[in-house]
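Participant: Structure provided below as structure tokens; questions to follow.
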Amino acid sequence: MIEFHHTPDTNIIEIHVDGPVTREEYDRVAAQLERVFEQHDKVRVMQVFRNIGKIEPGALWADLKWTPKHLKHFSHAAIVADQKWVDWITRAMGLFISVEMELFTLDQLEEARRWIRTAE
């Protein structure tokens with residue numbers, strides 16, 4: 001399941017993943033992000049990964065196509081997860097993209113929120 005939250009009148013987005021991810025959910029969140037991009041050229045995103053379940057192949061493929069085209073819209077990303085592999089992937093991605101990223105554990109959720117609101 002993916003939940004999307006946009007703080008009104010800001011460029012701040014929270015995306016929460018908890019359980020399996022379907023293509024339908026992915027497409028819904030991608031469309032919501034694109035609507036925010038219409039209002040803000042650059043956005044700050046906090047992604048919270050709780051329990052990552054099965055990701056439908058169609059959702060994974062859509063993400064692999066969508067993300068490179070839209071990275072220019074992200075200025076900051078707070079990645080919140082306890083899974084070590086999420087940490088490794090995030091660090092590897094950081095070598096290739098210009099988004100300022102910080103990693104947090106689930107017990108640092110409020111710290112991640114503060115960072116995404118105030119990072120420059």
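Just remember, in the structure tokens the first chain shown is A, the second B, etc., residues are 1-based per chain, and ligands are 1-based in the order shown.
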Skipping near chain neighbours, those fewer than 5 positions away, what residues fall within 10 Å of Asp41 of chain A using only C-alpha atoms, listed as a ChimeraX atom specification?

Facilitator: /A:11,36,72-75

Participant: Those same residues - N, CA and C atoms - I'd like them written as an mmCIF file, in the first residue's frame.

Facilitator:
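After the write, part-v5.cif holds the following:
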data_model
loop_
_atom_site.group_PDB
_atom_site.id
_atom_site.type_symbol
_atom_site.label_atom_id
_atom_site.label_comp_id
_atom_site.auth_asym_id
_atom_site.auth_seq_id
_atom_site.Cartn_x
_atom_site.Cartn_y
_atom_site.Cartn_z
ATOM 1 N N ASN A 11 5.898 22.789 -0.880
ATOM 2 C CA ASN A 11 6.450 21.848 -1.848
ATOM 3 C C ASN A 11 6.891 20.556 -1.150
ATOM 4 N N VAL A 36 1.505 18.068 -8.290
ATOM 5 C CA VAL A 36 2.304 18.937 -7.421
ATOM 6 C C VAL A 36 3.403 19.614 -8.239
ATOM 7 N N LYS A 72 14.467 15.735 -11.957
ATOM 8 C CA LYS A 72 14.755 17.174 -11.957
ATOM 9 C C LYS A 72 13.808 17.958 -11.051
ATOM 10 N N HIS A 73 12.677 17.372 -10.695
ATOM 11 C CA HIS A 73 11.697 18.059 -9.853
ATOM 12 C C HIS A 73 11.962 17.888 -8.356
ATOM 13 N N PHE A 74 12.907 17.045 -7.989
ATOM 14 C CA PHE A 74 13.179 16.780 -6.580
ATOM 15 C C PHE A 74 14.439 17.509 -6.140
ATOM 16 N N SER A 75 14.327 18.294 -5.072
ATOM 17 C CA SER A 75 15.507 18.964 -4.538
ATOM 18 C C SER A 75 16.077 18.224 -3.337
#

Participant: Using only C-alpha atoms, which protein or nucleic acid residues come within 12 Å of Thr118 of chain A? Drop anything in the same chain fewer than 2 positions from it, and give the result as a list in words.

Facilitator: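 The neighbour list is Asn11, Ile12, Arg44, His76, Ala77, Ala78, Glu111, Ala112, Arg113, Arg114, Trp115, Ile116 and Glu120 of chain A.
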
Participant: Quick one: residues within 9 Å of segment 53-67 of chain A, only C-alpha atoms, excluding same-chain residues fewer than 4 positions away - as a ChimeraX atom specification?

Facilitator: /A:1,17-27,30,71

Participant: Taking only C-alpha atoms into account, which of A:Asp107, A:Arg50, A:Lys42, A:Ala31 comes nearest His16 of chain A?

Facilitator: A:Arg50

Participant: Can you tell me, as a list in words, which residues in segment 64-101 of chain A count as strand (DSSP E) by DSSP?

Facilitator: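 Answer for segment 64-101 of chain A, restricted to strand (DSSP E): Phe74, Ser75, His76, Ala77, Ala78, Ile79, Val80, Ala81, Glu100 and Met101 of chain A.
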